[in-house]
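**Student:** Let me begin by handing over the structure; questions about it come next.
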Amino acid sequence: MHSVDATTERMIRSVLAYAENRLRLEPVPLDEGARDPAALDVVVAGLLGDDGHDPDQVLGAWASTLAPAVISADSPRFLGFIPAAPTKASLLFDMLISCASIQGISWLEAAGAIHAENQVLRLIADRAGLPGSAGGCFVSGGSAGNLSALVVAREVARRREGTLRPLRVAVGPEAHSSIINTLRILDLAPLTVRTDDHRLTGAALRATLEADGDPSSIAAVVATSGTTNAGIIDDLAGVGAVARELGAWFHVDGAYGGAGLFAPSVRSKYEGIENADSFVVDPHKWLFAPFDCAALLYREPQIARSVHKQDASYLDVIHGKPGEWNPTDYAYHLTRRARGLPLWFSLAVHGVRAYSEAIEAAIQLARRAAAEIRSRNYLELIREPELGVVLFRRLGWAPGQYTDWADRLLHDQVAFIPPSAWEGETVARFAFLHPQTPIDLVREVLDRMA
Ligand SMILES: Cc1ncc(COP(=O)(O)O)c(C=O)c1O
């Protein structure tokens, strides 16, 4: 299994040929294979037993049946949830990292990888206006980043309080489900701020706190810089100021929308992000990196280190030299792959300007889509898009009609655009991210609602 023999040689050729073909697809098709486990079982049954199989046979099972049963998140026709659009450079470098088993746990083991990852974290911190001391690490996703950051927030509040009394976290009505999950895991109760139009503002936060009987129990305030369902950027300046007055940790969840920091046309909407105590942005979303990759930054990383650093006698050696940066100390993980490196390589190859342009492309497409929607009398725009997400309704449609429409679009391989909900109503939602999604595709999707 570990030697380079004739089978290894054959496997290298077959797997790399498959990878090459996949990389050359332009555009990447959506795919919609079998979803019935019985149909998938036909190719996998018996593959995992005491004896091995010919690698081409196993690869064949993957290529013929399993791979097509994965809807391609990187297709420009993937317009649901939050898509992905990794650059070719990032995909290639991801493969290199896998082939070389590059990990990024400690400086002792992986200084080169960590140095490059930190260069990317610095770039993001600079865009956000965080101080030179800011730092952190890459984790698997926004959920992992939010959890790791709020663990630190809770610990800071506990240290300040000196007791284990119940603590709470103030969140906006559109806070991501991973924030709510995190609060449950950490035994922190949410204080949901009531807002007029789903956007968390400093004024709304202040009003909720004033009406609340126990504001001093608020350990943290979470704002979102790009809500998932509607792309709303909270009032970061106002919310951050109230958090500071309160002495609470200020966390900004930019898992989806944080990438907009690189888009000049919307950068001003992020004003106040520079005051965040912690900030998360997912490069596997809108910074065109492969799964799975989230950048987690702390304003004062030494606080995070005091919470997350794992102590074990066999680990003393990695903590021996002051000044050495160990990504493992800044989140709840220990072992980690150097998942920031595909972004580092791609940024270095293409330059930041290309990223800004690609992010702007989705924002502009959302604006054009909104104009298309406004021009059709059978459609209604629910709110002006701020980023790349567009919510709209088909007048007169019942929920089942949205599902039928979405099913037909996927069946015909036109688009993957599952319905969403807004204020309890089933609605349609574009999530634009891929810079090559054409406006003609948008028109076709809308035509099919007429
Ligand atoms: C605003 C926001 N926060 C957090 C998450 C969770 O990120 P992940 O899916 O990478 O764990 C998402 C995912 O869509 C998100 O949009």
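We name chains A, B, ... following the order of the structure tokens; residues begin at 1 in each chain, and ligands are numbered from 1 as shown.
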Taking only C-alpha atoms and all ligand atoms into account, report as a VMD selection string which residues have an atom no farther than 10 Å from an atom of ligand 1.
**Tutor:** chain A and resid 81 to 83 139 to 147 174 to 179 223 to 233 252 to 258 280 to 285 291 to 294
**Student:** I need the residues of region 294-423 of chain A that end up classed as strand (DSSP E or B) by DSSP on the backbone, written out as an NGL selection string.
**Tutor:** :A and (294-298 or 337 or 379-381 or 389-394 or 416 or 420-422)
**Student:** Pick from A:Gln364, A:Ser313, A:Thr426, A:Asn326: nearest to Ala263 (chain A), with only C-alpha atoms counted?
**Tutor:**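 Among A:Gln364, A:Ser313, A:Thr426, A:Asn326, it is A:Gln364 that comes nearest to Ala263 (chain A).
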**Student:** Excluding Ala348 (chain A) and its own-chain neighbours fewer than 6 positions away, which residues fall within 12 Å of it when counting only C-alpha atoms? Please give them as a list in words.
**Tutor:**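 Surrounding residues, per the criterion: Ala89, Ser90, Phe93, Ala116, Glu117, Gln119, Val120, Leu123, Leu341, Pro342, Ala354 and Tyr355 of chain A.
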**Student:** Ranking A:Leu391, A:Ala243, A:Leu150, A:Ile12 by minimum distance to Asp56 (chain A) and counting only C-alpha atoms, which one comes first?
**Tutor:**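 Nearest candidate to Asp56 (chain A) out of A:Leu391, A:Ala243, A:Leu150, A:Ile12: A:Ile12.
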**Student:** Tell me, as a list in words, which residues lie within 9 Å of Cys137 (chain A), counting only C-alpha atoms; anything in the same chain fewer than 4 positions away does not count.
**Tutor:** Ile114, Glu117, Asn118, Leu121, Ala294, Ala295, Leu296, Leu297, Asn326, Pro327, Thr328, Asp329, Tyr330, Ala331 and Gly340 of chain A
**Student:** Would you please give, as number ranges by chain, all residues of region 67-154 of chain A that DSSP assigns to helix (DSSP H, G or I) based on the backbone?
**Tutor:** A: 67-69, 88-99, 107-128, 142-154
**Student:** With only C-alpha atoms as the counted atoms, please give the residues lying no more than 12 Å from Ser14 (chain A), apart from itself and same-chain residues fewer than 3 positions off, as a VMD selection string.
**Tutor:** chain A and resid 7 to 11 17 to 21 54 to 60 63
**Student:** Can you work out the spacing between CA of His308 (chain A) and CA of Arg127 (chain A) in Å, to one decimal?
**Tutor:**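 Here the two named atoms are 25.6 Å from each other.
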**Student:** Skip region 216-221 of chain A itself and residues of its chain fewer than 3 positions away, then list as a list in words all residues within 7 Å of it, counting only C-alpha atoms.
**Tutor:** Ala153, Arg154, Ala157, Leu167, Arg168, Val169, Ala170, Val171, Ala243, Ala248, Trp249, Phe250 and His251 of chain A
**Student:** Pull all heavy atoms from the residues just selected and write them as a compact mmCIF listing (two decimals), in the first residue's frame.
**Tutor:**
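Generated file (again_16.txt):
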```txt
# COMPACT_ATOMS: atom_id res chain seq x y z
N ALA A 153 -15.09 33.96 23.83
CA ALA A 153 -15.93 35.01 24.39
C ALA A 153 -16.50 34.58 25.74
O ALA A 153 -16.53 35.35 26.70
CB ALA A 153 -17.07 35.33 23.42
N ARG A 154 -16.98 33.34 25.80
CA ARG A 154 -17.58 32.86 27.06
C ARG A 154 -16.52 32.83 28.17
O ARG A 154 -16.77 33.24 29.30
CB ARG A 154 -18.14 31.45 26.85
CG ARG A 154 -18.82 30.92 28.10
CD ARG A 154 -19.27 29.48 27.94
NE ARG A 154 -18.14 28.57 27.78
CZ ARG A 154 -18.23 27.25 27.76
NH1 ARG A 154 -19.42 26.68 27.88
NH2 ARG A 154 -17.16 26.50 27.59
N ALA A 157 -15.74 36.27 29.52
CA ALA A 157 -16.80 36.75 30.41
C ALA A 157 -16.73 36.02 31.76
O ALA A 157 -16.90 36.64 32.81
CB ALA A 157 -18.17 36.54 29.76
N LEU A 167 -24.80 32.82 31.29
CA LEU A 167 -24.45 33.94 30.42
C LEU A 167 -25.29 33.87 29.14
O LEU A 167 -25.78 32.80 28.77
CB LEU A 167 -22.96 33.89 30.08
CG LEU A 167 -22.01 34.10 31.26
CD1 LEU A 167 -20.59 33.74 30.87
CD2 LEU A 167 -22.08 35.55 31.74
N ARG A 168 -25.40 35.00 28.48
CA ARG A 168 -26.19 35.05 27.25
C ARG A 168 -25.40 35.74 26.14
O ARG A 168 -24.40 36.41 26.39
CB ARG A 168 -27.50 35.80 27.50
CG ARG A 168 -28.37 35.13 28.55
CD ARG A 168 -29.67 35.88 28.75
NE ARG A 168 -29.45 37.22 29.23
CZ ARG A 168 -30.35 38.21 29.17
NH1 ARG A 168 -31.54 37.99 28.63
NH2 ARG A 168 -30.07 39.40 29.63
N VAL A 169 -25.92 35.57 24.93
CA VAL A 169 -25.29 36.20 23.76
C VAL A 169 -26.39 36.90 22.97
O VAL A 169 -27.42 36.29 22.65
CB VAL A 169 -24.57 35.15 22.88
CG1 VAL A 169 -24.07 35.77 21.59
CG2 VAL A 169 -23.40 34.53 23.65
N ALA A 170 -26.18 38.17 22.66
CA ALA A 170 -27.17 38.91 21.86
C ALA A 170 -26.93 38.64 20.38
O ALA A 170 -25.78 38.74 19.90
CB ALA A 170 -27.05 40.41 22.16
N VAL A 171 -27.99 38.28 19.68
CA VAL A 171 -27.89 37.97 18.24
C VAL A 171 -29.03 38.65 17.50
O VAL A 171 -30.08 38.92 18.07
CB VAL A 171 -27.97 36.44 17.99
CG1 VAL A 171 -26.83 35.70 18.66
CG2 VAL A 171 -29.30 35.86 18.46
N ALA A 243 -21.71 46.96 21.96
CA ALA A 243 -21.01 45.83 22.59
C ALA A 243 -19.87 46.34 23.46
O ALA A 243 -19.65 45.88 24.59
CB ALA A 243 -20.50 44.87 21.52
N ALA A 248 -18.94 43.68 26.30
CA ALA A 248 -19.16 42.32 25.76
C ALA A 248 -18.25 42.09 24.55
O ALA A 248 -17.86 43.04 23.86
CB ALA A 248 -20.61 42.16 25.34
N TRP A 249 -17.96 40.84 24.30
CA TRP A 249 -17.16 40.43 23.14
C TRP A 249 -17.97 40.73 21.88
O TRP A 249 -19.19 40.51 21.84
CB TRP A 249 -16.92 38.93 23.26
CG TRP A 249 -16.01 38.33 22.23
CD1 TRP A 249 -16.36 37.86 20.99
CD2 TRP A 249 -14.61 38.08 22.35
NE1 TRP A 249 -15.28 37.35 20.34
CE2 TRP A 249 -14.18 37.47 21.15
CE3 TRP A 249 -13.67 38.31 23.36
CZ2 TRP A 249 -12.86 37.07 20.95
CZ3 TRP A 249 -12.35 37.92 23.14
CH2 TRP A 249 -11.95 37.31 21.95
N PHE A 250 -17.31 41.22 20.84
CA PHE A 250 -18.00 41.54 19.58
C PHE A 250 -17.50 40.58 18.50
O PHE A 250 -16.36 40.68 18.05
CB PHE A 250 -17.72 43.00 19.22
CG PHE A 250 -18.34 43.45 17.91
CD1 PHE A 250 -19.61 43.02 17.51
CD2 PHE A 250 -17.65 44.32 17.08
CE1 PHE A 250 -20.17 43.44 16.32
CE2 PHE A 250 -18.20 44.76 15.88
CZ PHE A 250 -19.46 44.31 15.51
N HIS A 251 -18.39 39.66 18.11
CA HIS A 251 -18.03 38.67 17.08
C HIS A 251 -18.76 39.00 15.78
O HIS A 251 -19.97 39.26 15.81
CB HIS A 251 -18.40 37.27 17.54
CG HIS A 251 -18.16 36.21 16.51
ND1 HIS A 251 -16.89 35.87 16.06
CD2 HIS A 251 -19.02 35.41 15.80
CE1 HIS A 251 -16.98 34.91 15.14
NE2 HIS A 251 -18.25 34.63 14.97
```
**Student:** Measure the distance from CA of Leu92 (chain A) to CA of Pro290 (chain A) in Å and round it to one decimal.
**Tutor:** 9.7 Å
**Student:** Counting only C-alpha atoms, which of A:Leu236, A:Glu210, A:Arg368, A:Ser278 gets nearest to Pro438 (chain A)?
**Tutor:** A:Arg368
**Student:** What does the distance between CA of Val28 (chain A) and CA of Val442 (chain A) come to in Å, to one decimal place?
**Tutor:**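 We find that CA of Val28 (chain A) and CA of Val442 (chain A) lie 17.0 Å from each other.
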**Student:** Would you list the contacts of Ala304 (chain A) as a list in words, taking every protein, DNA or RNA residue within 9 Å and counting only C-alpha atoms, but skipping same-chain residues closer than 2 positions in sequence?
**Tutor:**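 Skipping anything fewer than 2 positions along the chain leaves Gly136, Ser148, Ala149, Val151, Val152, Ala153, Tyr298, Glu300, Pro301, Gln302, Ser306, Val307, His308, Lys309, Asp329, Tyr330 and Ala331 of chain A.
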**Student:** Keeping N, CA, C and O atoms for every residue in the selection just given, could you write it to a file as a short mmCIF file (atom, residue, chain, number, x, y, z; two decimals), in the first residue's frame?
**Tutor:**
```cif
data_model
loop_
_atom_site.label_atom_id
_atom_site.label_comp_id
_atom_site.auth_asym_id
_atom_site.auth_seq_id
_atom_site.Cartn_x
_atom_site.Cartn_y
_atom_site.Cartn_z
N GLY A 136 -4.88 34.38 13.83
CA GLY A 136 -5.77 33.26 14.11
C GLY A 136 -5.34 32.03 13.34
O GLY A 136 -4.14 31.72 13.28
N SER A 148 -15.43 28.24 17.85
CA SER A 148 -14.12 28.52 18.47
C SER A 148 -14.07 29.94 19.02
O SER A 148 -13.52 30.18 20.10
N ALA A 149 -14.64 30.89 18.28
CA ALA A 149 -14.60 32.29 18.72
C ALA A 149 -15.48 32.49 19.97
O ALA A 149 -15.08 33.18 20.92
N VAL A 151 -16.37 30.30 22.18
CA VAL A 151 -15.77 29.65 23.35
C VAL A 151 -14.86 30.67 24.06
O VAL A 151 -14.87 30.79 25.29
N VAL A 152 -14.11 31.41 23.26
CA VAL A 152 -13.21 32.41 23.84
C VAL A 152 -14.03 33.51 24.51
O VAL A 152 -13.73 33.94 25.64
N ALA A 153 -15.09 33.96 23.83
CA ALA A 153 -15.93 35.01 24.39
C ALA A 153 -16.50 34.58 25.74
O ALA A 153 -16.53 35.35 26.70
N TYR A 298 -8.70 36.77 15.37
CA TYR A 298 -8.96 37.41 16.67
C TYR A 298 -8.20 38.72 16.70
O TYR A 298 -7.05 38.80 16.24
N GLU A 300 -7.15 40.01 19.51
CA GLU A 300 -6.05 39.74 20.44
C GLU A 300 -5.86 38.23 20.55
O GLU A 300 -6.42 37.59 21.44
N PRO A 301 -5.09 37.69 19.64
CA PRO A 301 -5.01 36.22 19.58
C PRO A 301 -4.46 35.57 20.85
O PRO A 301 -4.76 34.41 21.12
N GLN A 302 -3.72 36.35 21.65
CA GLN A 302 -3.18 35.73 22.87
C GLN A 302 -4.29 35.33 23.83
O GLN A 302 -4.14 34.37 24.60
N SER A 306 -4.95 31.51 25.19
CA SER A 306 -5.06 31.14 26.60
C SER A 306 -6.27 30.24 26.84
O SER A 306 -6.35 29.56 27.86
N VAL A 307 -7.19 30.23 25.88
CA VAL A 307 -8.40 29.40 26.02
C VAL A 307 -8.22 28.07 25.29
O VAL A 307 -8.60 27.01 25.79
N HIS A 308 -7.64 28.12 24.10
CA HIS A 308 -7.64 26.93 23.24
C HIS A 308 -6.38 26.07 23.31
O HIS A 308 -6.40 24.92 22.86
N LYS A 309 -5.32 26.60 23.82
CA LYS A 309 -4.05 25.83 23.82
C LYS A 309 -4.24 24.53 24.61
O LYS A 309 -4.73 24.54 25.73
N ASP A 329 -3.37 26.32 18.43
CA ASP A 329 -3.68 27.01 19.70
C ASP A 329 -4.86 27.98 19.59
O ASP A 329 -5.23 28.61 20.58
N TYR A 330 -5.41 28.15 18.38
CA TYR A 330 -6.38 29.24 18.21
C TYR A 330 -7.80 28.78 17.88
O TYR A 330 -8.65 29.58 17.50
N ALA A 331 -8.05 27.46 18.00
CA ALA A 331 -9.41 26.94 17.82
C ALA A 331 -9.50 25.64 18.60
O ALA A 331 -8.51 25.22 19.22
#
```
**Student:** Pick from A:Leu446, A:Leu246, A:Ala134, A:Val156: nearest to Ser375 (chain A), with only C-alpha atoms counted?
**Tutor:**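 Checking each of A:Leu446, A:Leu246, A:Ala134, A:Val156 against Ser375 (chain A), counting only C-alpha atoms, the winner is A:Leu446.
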**Student:** Would you please work out which residue, of A:Ile105, A:Ala362, A:Val427, A:Leu387, is nearest to Thr335 (chain A) when using only C-alpha atoms?
**Tutor:**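 Of all the options, A:Ile105 lies closest to Thr335 (chain A).
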**Student:** Using only C-alpha atoms for the distances, tell me which of A:Ala6, A:Pro190, A:Gly400, A:Ser64 is nearest to Pro166 (chain A).
**Tutor:**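 Going through A:Ala6, A:Pro190, A:Gly400, A:Ser64 one by one, the smallest distance to Pro166 (chain A) is for A:Pro190.
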